[in-house]
Structure formats: C-alpha cells, structure tokens
Amino acid sequence: MTQNETFTVNQMKEGQVGKIIEISGGYGFTKRLHALGIRSGKMIIKVSSMFKRGPVTIQMGPVQVAIGFRMAGKILVSLEEK
Amino acid sequence: MKILLMGNPNVGKSAFFSRITGINVVASNYPGTTVGFTRGFLKTTQGDAEVIDVPGTYTLDPTSKAEEVANEMLKDGDIVINVVDATNLERNLYLTMELLERNIPVIIALNMWDDTVHRGIKIDLERLQQLLKVPIVPTVAVTGEGIKKLVSRISQAASPSIKKRTHEQRWSAVGNIIEQIQTISHHHHTWLEHLADASIKPLSGLTIAFIVLFFSFMVIRFIGESLIGYLFEPFFKVIWSAVMMKLSLAFGSEGLLHDIIIGKLVEGKIDFVQSFGLLTTGLFIPFGAVLPYIVSFYLVLGFMEDVGYLPRLAVLLDNLMHRVGLHGYSIIPVLLGLGCNVPGILATRILESRRERFIAATLISIGVPCAALQAMILGLLGKYGWQYILIVYGTLFLVWIIVGAILNYTAPGFSPELLIEIPPYRLPPLRIMLHKLWTRINGFLREAIPIVFLGILVVNILYVLKVFDCIATFFAPIINGLLGLPEEAISALVVGFLRKDMAVGMLGMLSLSAKQMVIGCVVLAMFFPCIASFTILTKELGIKDMLKASGIMIISSITVGALLNLVL
C-alpha cells in the first residue's frame with residue numbers, strides 16, 4: 001500500500017492508522033460527523049469492526065466512536081505509518 | 001436568575017447538577033442519560049438561582065431531538081456553566097466556541113480533571129483562561145472537588161462577545177488553542193483500556209457480552225432471592241402476619257372494613273397474595289415481592305451504566321437490532337424498560353428518527369416486562385417450575401422479534417445507522433452507585449405504593465358491587481374461548497391497567513393451572529401498558545401513534561395468548 005492511495009474506513013485493517021481525506025456524504029451526514037469531531041485532516045486508528053457489515057469503531061485522540069457500516073464507507077482516508 | 005448547565009454528552013453534567021443543587025438525578029457513563037431536563041435551585045452570592053440540567057449536545061446546530069431541546073433552552077438562560085471534559089478538550093471546545101459567540105455569560109467547569117493526570121494530559125489553565133476570556137475552574141463532579149470554588153465564581157461569568165464564525169473557522173480556532181495549552185505524553189494502555197478494546201472486537205466482545213449478561217442475570221437472581229428468602233419473607237410471614245392477625249381479630253375477622261384493610265382470610269389465616277387487603281397484599285406486593293428485584297436489578301444495571309459497558313453492548317447488538325428496524329443504541333431504552341417501561345420509553349429520545357422512536361416505544365410496551373411484573377412472574381410462576389418461566393420469556397422474546405420485524409417492514413420513514421461515542425471504562429465510586437440506586441428505589445416506592453393501595457381499594461369495591469361479574473360475562477368468549485382462562489381473569493386484565501405486578505397477584509388468587517398461568521402472564525405482559533407507561537406513551541408518541549401502538553398490543557396479545565392456548 002502506498003501512502004497516497006485512499007481507502008474507506010471499512011477497508012482499513014484493525015490497528016491501522018489513517019488520515020481522513022474526505023467525507024463524501026450529504027450535508028446532514030457530514031454535520032453529524034463534524035459534531036463528533038470527525039473531519040478532514042484528523043488522524044484515526046481503526047479499533048475494530050463487527051462482522052456481517054456491523055459497525056466500525058475508530059479512535060481519534062482520546063475518543064472512540066462507533067460508526068455504522070455504510071457511514072464508515074463514506075469516510076475516505078490515506079494510510080499512515082504508525 | 002437562570003443558570004444552564006451545558007456541555008457535550010457524557011461529560012458529567014448530571015453528576016455536577018446533583019452536586020450543586022443537592023437534587024438527585026440519574027447520571028450514567030454513556031451519552032444521552034439526560035433526555036428531558038431537570039431543574040433545581042442553588043444559593044449564590046446574588047440570591048437564589050434556578051439551575052437547569054440541559055441534555056448533552058455536541059453543537060448548537062442541532063442534529064437530534066435532545067440537541068433541539070438544548071438549543072431552545074439557551075434562549076432564556078442568564079448564565080451558562082459550560083461543563084467540559086478535560087480529557088477530551090478539543091472536541092468539547094467546539095461547543096464552547098459556539099457558546100462564546102452567543103451573547104450570554106459563560107463560566108467553564110473543566111470536569112474529570114483527575115482523569116487528565118493518568119492519561120498523561122497536561123493543560124495550561126492560566127493560558128486557556130487568557131485565550132477564552134472566561135473563568136475556568138477544574139472540577140471532579142463525582143467527588144465534589146472544585147464545585148464550591150466554581151459556585152463562588154459564577155458571578156464572574158463573562159461574555160467575550162466574539163462574532164459569529166463558520167464551523168471551519170471554529171475548528172481552526174480550537175486547533176490553535178489546543179496547540180498552545182495542551183501537551184499529551186504517551187502513556188501505556190491500562191488494563192481497563194485493554195479490556196475496553198477487547199469488549200468491542202467481535203470475537204472477544206461477544207464472549208465478554210455473553211459472560212456479562214449471564215453473570216448479571218445470576219447476580220440479579222441471587223440478590224433478589226436472598227433478599228426475599230432471608231429478609232422480606234421472614235418479616236412478612238413471621239412478624240407482619242402476627243400483627244395483622246391481631247388486627248384482624250380486633251375487626252372481628254370479617255366485614256367490609258376488615259376485608260378492605262386486612263383482606264379475606266384463607267383457611268383462617270392471612271395469605272399475602274390472596275387476601276387482597278390494603279395492609280396485607282397492598283404492602284406485600286411492593287415490598288415483599290417486587291422491591292427485592294428492583295434493588296438487585298438496578299444495582300446491576302447501575303453498575304453497567306456507570307462503568308460504561310452499555311454503548312459497547314450497543315455496537316455488538318447492532319446487527320440484531322437492525323432486524324427490528326432499530327440500531328444498536330436502542331438496546332439502552334430496552335434495558336431501562338426491563339426496570340420500568342416509563343424511563344425506557346423516555347429514553348427512546350436518544351434515537352434520531354420518529355420511526356425509530358415509534359418502533360422502540362411499541363416494542364418496549366409489548367415485549368419488555370418491567371422488573372415489578374417480572375418479580376411477580378418469578379414469584380408466582382416459579383412455584384410451578386422453571387420451564388414455565390422460560391416459556392414466558394421465550395414467547396416474549398419471539399414476539400419482540402416478530403412484531404419488530406413486521407414494524408420494520410411496515411412503519412414509514414427511515415432508520416439511520418449507529419453513530420455513537422464510546423466512553424472509556426470508569427470504575428464508579430461505591431457511594432455514587434448506592435446513591436443512584438437509592439434515587440431509583442425511592443422513585444419506585446413513591447410511584448408504586450399509592451397506585452397499589454388505590455388499586456386494591458378499587459378492586460375490593462368493584463367486587464362488592466359485582467362489576468367484575470358483568471364485565472366477565474361480556475368478555476367470556478375471548479377470555480374463556482380464545483385464551484382458555486377462567487372468566488374471573490378479566491379482573492386481573494383490567495387491574496393490569498393500573499399496575500401489572502398487582503394484576504399477576506390477582507391471577508395468583510384464581511388457582512390456575514400452570515398452562516393458564518403462563519398464558520395469563522404473557523397476555524398481561526403484552527396486553528396494554530399500565531397507566532404510567534400509557535401516559536408517557538401518549539406524551540412521547542402523540543395520540544395517533546399511541547392508538548396505533550395500543551392496537552398492535554391488543555391484537556398481538558390476544559393472538560399470542562390464543563396460540564399458546566392451542567400449542568401448550
């Protein structure tokens with residue numbers, strides 16, 4: 001994986017670190033994520049994902065947020081070294 | 001003067017509120033504990049002030065119902081105490097920025113201050129105060145540290161009159177501040193953090209969830225049964241029974257007044273289930289049968305809430321909840337509903353869409369028996385054998401899934417996906433847990449005793465007037481024909497509208513077979529909400545949707561009762 005390729009949060013593996021490049025969703029969706037502090041430029045670590053397209057948990061600084069599978073698919077990241 | 005307590009969800013506003021006003025409100029470790037609002041009073045140097053515990057909000061640009069409430073309340077506040085989670089300063093300061101743009105004096109409580117130390121977070125308080133131009137006081141609401149100091153500085157609350165900015169500008173301002181005042185040194189994962197991570201990964205998480213739920217069930221049973229066996233039953237059977245027999249003799253062992261106060265004697269003795277007098281059954285149901293399970297249930301639930309386990313359970317159960325048109329977070333209203341349907345239905349406000357709130361509230365009323373009802377079912381049906389209790393719970397669970405699945409397909413609207421903050425695990429101080437338990441027990445007793453007393457009084461009068469006989473004849477085809485219950489069971493169903501625990505107690509008077517008892521319990525659990533839940537259901541859903549929900553309840557309870565009658 002090269003660093004400039006983009007992935008969705010769903011495609012990240014557990015423990016991988018990424019930087020949010022883009023949130024591709026409607027206004028309401030972006031607003032809800034922004035409220036939780038999830039926005040472009042933030043570094044995230046993928047903590048876990050439940051099977052069968054269950055929610056994905058990411059860590060951002062001290063905060064963990066669980067995000068539904070489809071929503072997580074709209075968050076694009078570039079992978080970073082740990 | 002009106003003081004508003006505002007801040008992000010789960011930063012300790014409710015604990016803070018209890019501290020400064022002395023009023024007990026329920027605080028937990030998950031976002032959204034407060035969905036309505038609570039008022040209290042505080043003596044300040046400038047006289048009495050009204051304090052309002054506003055529901056948590058991430059932004060003043062509302063994204064949920066609770067946030068709308070918060071936004072509305074801001075309009076008529078005089079001072080804001082902005083409660084900020086010191087361990088998560090960056091996200092919390094966004095709301096602070098928005099508040100500072102409004103024309104209202106703000107004082108900041110930098111809460112959970114003690115946690116910053118072992119998380120390796122250093123905050124330059126002086127500098128932060130200079131940058132924000134409002135007073136800042138570090139606090140620890142659960143222990144009370146810093147609260148007095150904060151109250152003494154309320155009069156210094158300031159409004160730096162910043163002009164309105166876009167949210168990019170706000171975030172960059174926050175970023176700027178954080179850079180100047182906060183340093184985070186690396187710290188190793190504590191055991192709690194390791195456990196936190198394990199409980200949200202699929203395999204280890206589901207294993208932990210299974211263990212947690214199994215142990216919770218065992219602990220609830222153990223504490224409940226022990227309280228009954230060693231404390232409440234001996235008290236009622238030995239001491240209270242003797243007192244009541246003396247009183248019964250004084251009344252001449254019979255007569256209308258005797259029957260209302262003491263109840264009917266069964267084979268010359270008092271039977272706390274069957275006698276049905278105010279001082280016998282009226283005290284036994286709330287204290288002897290239900291209270292022990294209320295204590296044990298809320299002790300266990302309170303522990304799980306305060307530790308912060310519930311949001312993790314929400315993530316693990318998300319898939320299951322999607323089948324019934326909800327997302328994982330609705331497990332919280334459901335669990336609260338297992339204590340009492342009223343707070344359960346109220347808690348559906350944490351869900352975003354109207355459709356979700358309708359489905360969740362209906363499912364709670366129909367398939368989630370409250371602790372009082374469960375205690376009576378355990379007590380009365382347990383005598384016939386554990387397999388019957390399993391049938392009741394199994395049926396209710398199936399009904400819950402099936403009705404949920406049907407509502408998922410038929411209810412109009414859209415159910416959004418899960419999006420929640422997962423709080424860190426925290427070990428709650430014992431004192432705080434016991435305090436919360438007491439608040440809930442107190443609430444139960446205040447709510448239950450008057451209604452049980454009133455119910456017993458009304459039932460006795462209706463018996464004397466033979467009203468039940470008339471209703472019984474009218475409904476006989478349904479009760480007798482479809483459900484296979486004796487006609488007199490209608491009185492229990494009617495009383496179920498007042499309180500369901502009392503209604504099960506009335507089934508206990510009818511000497512039913514095990515099968516009839518199972519059907520009676522299931523129908524009672526599903527049939528119609530008790531008056532308290534009914535009121536709250538009307539308030540939360542509006543009359544139209546409440547009627548819809550009630551229709552679903554009546555139809556499905558009779559269907560399920562009739563099916564059980566055929567199958568068992």
# chains A, B, ... in the order shown; residues from 1 in each chain; ligands from 1

$ residues_around --residues "Arg32 (chain A)" --least-positions-apart "4" --cutoff "8 Å" --atoms "only C-alpha atoms" --output "PyMOL selection string"
(chain A and resi 28+36) or (chain B and resi 63)

$ select_by_dssp --residues "chain A" --states "alpha helix (DSSP H)" --output "list of chain:residue names"
A:Tyr27, A:Gly28, A:Phe29, A:Thr30, A:Lys31, A:Arg32, A:Leu33, A:His34, A:Ala35, A:Phe69, A:Arg70, A:Met71, A:Ala72

$ write_last_selection --atoms "N, CA and C atoms" --output "short mmCIF file (atom, residue, chain, number, x, y, z; two decimals), in the first residue's frame"
data_model
loop_
_atom_site.label_atom_id
_atom_site.label_comp_id
_atom_site.auth_asym_id
_atom_site.auth_seq_id
_atom_site.Cartn_x
_atom_site.Cartn_y
_atom_site.Cartn_z
N TYR A 27 -25.12 16.84 3.37
CA TYR A 27 -24.88 17.88 4.36
C TYR A 27 -25.17 17.39 5.78
N GLY A 28 -26.34 16.73 5.93
CA GLY A 28 -26.75 16.28 7.26
C GLY A 28 -25.75 15.28 7.83
N PHE A 29 -25.31 14.37 6.97
CA PHE A 29 -24.37 13.35 7.38
C PHE A 29 -23.04 13.96 7.84
N THR A 30 -22.50 14.85 7.00
CA THR A 30 -21.23 15.49 7.35
C THR A 30 -21.38 16.27 8.65
N LYS A 31 -22.55 16.90 8.82
CA LYS A 31 -22.79 17.70 10.01
C LYS A 31 -22.73 16.83 11.28
N ARG A 32 -23.36 15.64 11.19
CA ARG A 32 -23.35 14.76 12.36
C ARG A 32 -21.94 14.30 12.69
N LEU A 33 -21.16 13.98 11.66
CA LEU A 33 -19.79 13.54 11.91
C LEU A 33 -18.95 14.70 12.47
N HIS A 34 -19.14 15.88 11.88
CA HIS A 34 -18.41 17.06 12.37
C HIS A 34 -18.67 17.30 13.84
N ALA A 35 -19.94 17.16 14.23
CA ALA A 35 -20.31 17.40 15.63
C ALA A 35 -19.49 16.52 16.55
N PHE A 69 -21.81 0.77 9.29
CA PHE A 69 -21.00 0.29 8.17
C PHE A 69 -21.10 1.19 6.94
N ARG A 70 -22.33 1.58 6.58
CA ARG A 70 -22.49 2.38 5.37
C ARG A 70 -21.87 3.77 5.53
N MET A 71 -22.04 4.32 6.73
CA MET A 71 -21.43 5.63 7.00
C MET A 71 -19.91 5.53 6.91
N ALA A 72 -19.37 4.46 7.52
CA ALA A 72 -17.91 4.30 7.54
C ALA A 72 -17.38 4.20 6.11
#

$ select_by_dssp --residues "chain A" --states "strand (DSSP E)" --output "PyMOL selection string"
chain A and resi 6-8+17-23+43-49+56-60+63-67+75-80

$ interface_residues --of "chain A" --to "chain B" --cutoff "7 Å" --atoms "only C-alpha atoms" --output "list in words"
Arg32, Ala35, Leu36, Gly37, Ser48, Ser49, Met50, Phe51, Gly54, Pro55, Pro62, Gln64, Val65, Ala66, Ile67 and Gly68 of chain A

$ write_last_selection --atoms "C-alpha atoms" --output "PDB file, in the first residue's frame"
ATOM      1  CA  ARG A  32     -23.354  14.758  12.358  1.00  0.00           C
ATOM      2  CA  ALA A  35     -20.311  17.399  15.626  1.00  0.00           C
ATOM      3  CA  LEU A  36     -18.397  14.385  16.915  1.00  0.00           C
ATOM      4  CA  GLY A  37     -15.129  15.922  15.737  1.00  0.00           C
ATOM      5  CA  SER A  48     -12.491  -2.936  15.368  1.00  0.00           C
ATOM      6  CA  SER A  49     -15.297  -3.848  13.030  1.00  0.00           C
ATOM      7  CA  MET A  50     -18.186  -6.205  13.723  1.00  0.00           C
ATOM      8  CA  PHE A  51     -18.814  -8.959  11.238  1.00  0.00           C
ATOM      9  CA  GLY A  54     -21.731  -4.296  11.539  1.00  0.00           C
ATOM     10  CA  PRO A  55     -20.483  -1.001  12.996  1.00  0.00           C
ATOM     11  CA  PRO A  62      -8.782  10.127  23.358  1.00  0.00           C
ATOM     12  CA  GLN A  64     -13.653   6.242  20.392  1.00  0.00           C
ATOM     13  CA  VAL A  65     -16.599   6.456  18.050  1.00  0.00           C
ATOM     14  CA  ALA A  66     -18.703   3.607  16.654  1.00  0.00           C
ATOM     15  CA  ILE A  67     -19.972   4.256  13.127  1.00  0.00           C
ATOM     16  CA  GLY A  68     -22.468   2.278  11.072  1.00  0.00           C
TER      17      GLY A  68
END

$ atom_distance --atom1 "CA of Ser513 (chain B)" --atom2 "CA of Leu566 (chain B)"
14.8 Å

$ atom_distance --atom1 "CA of Glu98 (chain B)" --atom2 "CA of Asp53 (chain B)"
18.5 Å

$ residues_around --residues "Gly15 (chain A)" --least-positions-apart "2" --cutoff "10 Å" --atoms "only C-alpha atoms" --output "JSON, numbers by chain"
{"A": [12, 13, 17, 18, 44, 45, 46, 47, 48, 58, 59, 82]}

$ residues_around --residues "Phe235 (chain B)" --least-positions-apart "5" --cutoff "12 Å" --atoms "only C-alpha atoms" --output "list in words"
Leu227, Ile228, Gly229, Tyr230, Trp240, Ser241, Ala242, Val243, Phe272, Leu283, Phe284, Phe287 and Gly288 of chain B

$ write_last_selection --atoms "C-alpha atoms" --output "PDB file, in the first residue's frame"
ATOM      1  CA  LEU B 227     -33.373 -10.564  49.973  1.00  0.00           C
ATOM      2  CA  ILE B 228     -36.700 -12.357  49.747  1.00  0.00           C
ATOM      3  CA  GLY B 229     -35.574 -15.550  51.478  1.00  0.00           C
ATOM      4  CA  TYR B 230     -33.622 -14.034  54.339  1.00  0.00           C
ATOM      5  CA  TRP B 240     -46.215  -8.860  59.979  1.00  0.00           C
ATOM      6  CA  SER B 241     -48.562 -11.814  59.790  1.00  0.00           C
ATOM      7  CA  ALA B 242     -48.814 -11.923  63.599  1.00  0.00           C
ATOM      8  CA  VAL B 243     -49.502  -8.181  63.783  1.00  0.00           C
ATOM      9  CA  PHE B 272     -50.278 -12.298  51.418  1.00  0.00           C
ATOM     10  CA  LEU B 283     -47.794  -3.962  51.334  1.00  0.00           C
ATOM     11  CA  PHE B 284     -46.600  -7.392  50.299  1.00  0.00           C
ATOM     12  CA  PHE B 287     -42.231  -4.553  49.457  1.00  0.00           C
ATOM     13  CA  GLY B 288     -42.188  -8.323  49.767  1.00  0.00           C
TER      14      GLY B 288
END

$ atom_distance --atom1 "CA of Ala27 (chain B)" --atom2 "CA of Gly47 (chain B)"
27.2 Å

$ closest_residue --among "B:Asn10, B:Ser172, B:Ser28, B:Ser296" --to "Arg39 (chain A)" --atoms "only C-alpha atoms"
B:Ser172

$ closest_residue --among "B:Ile81, B:Leu363, B:Ile181, B:Ile107" --to "Glu126 (chain B)" --atoms "only C-alpha atoms"
B:Ile181

$ residues_around --residues "Leu76 (chain A)" --least-positions-apart "3" --cutoff "9 Å" --atoms "only C-alpha atoms" --output "PyMOL selection string"
chain A and resi 6-9+19-24+40+72-73

$ write_last_selection --atoms "C-alpha atoms" --output "CSV table (one decimal), in the first residue's frame"
chain,number,residue,atom,x,y,z
A,6,THR,CA,-7.2,6.3,-0.5
A,7,PHE,CA,-9.3,3.8,1.3
A,8,THR,CA,-12.6,3.8,3.1
A,9,VAL,CA,-12.6,3.2,6.8
A,19,LYS,CA,-5.7,10.4,8.0
A,20,ILE,CA,-9.2,11.5,6.9
A,21,ILE,CA,-9.0,12.9,3.4
A,22,GLU,CA,-12.7,13.4,2.6
A,23,ILE,CA,-16.1,12.7,3.9
A,24,SER,CA,-18.3,12.0,0.9
A,40,SER,CA,-10.9,16.0,7.2
A,72,ALA,CA,-17.9,4.3,7.5
A,73,GLY,CA,-17.8,3.5,3.8

$ residues_around --residues "region 371-381 of chain B" --least-positions-apart "4" --cutoff "6 Å" --atoms "only C-alpha atoms" --output "list in words"
Val290, Leu338, Gly339, Lys500 and Asp501 of chain B
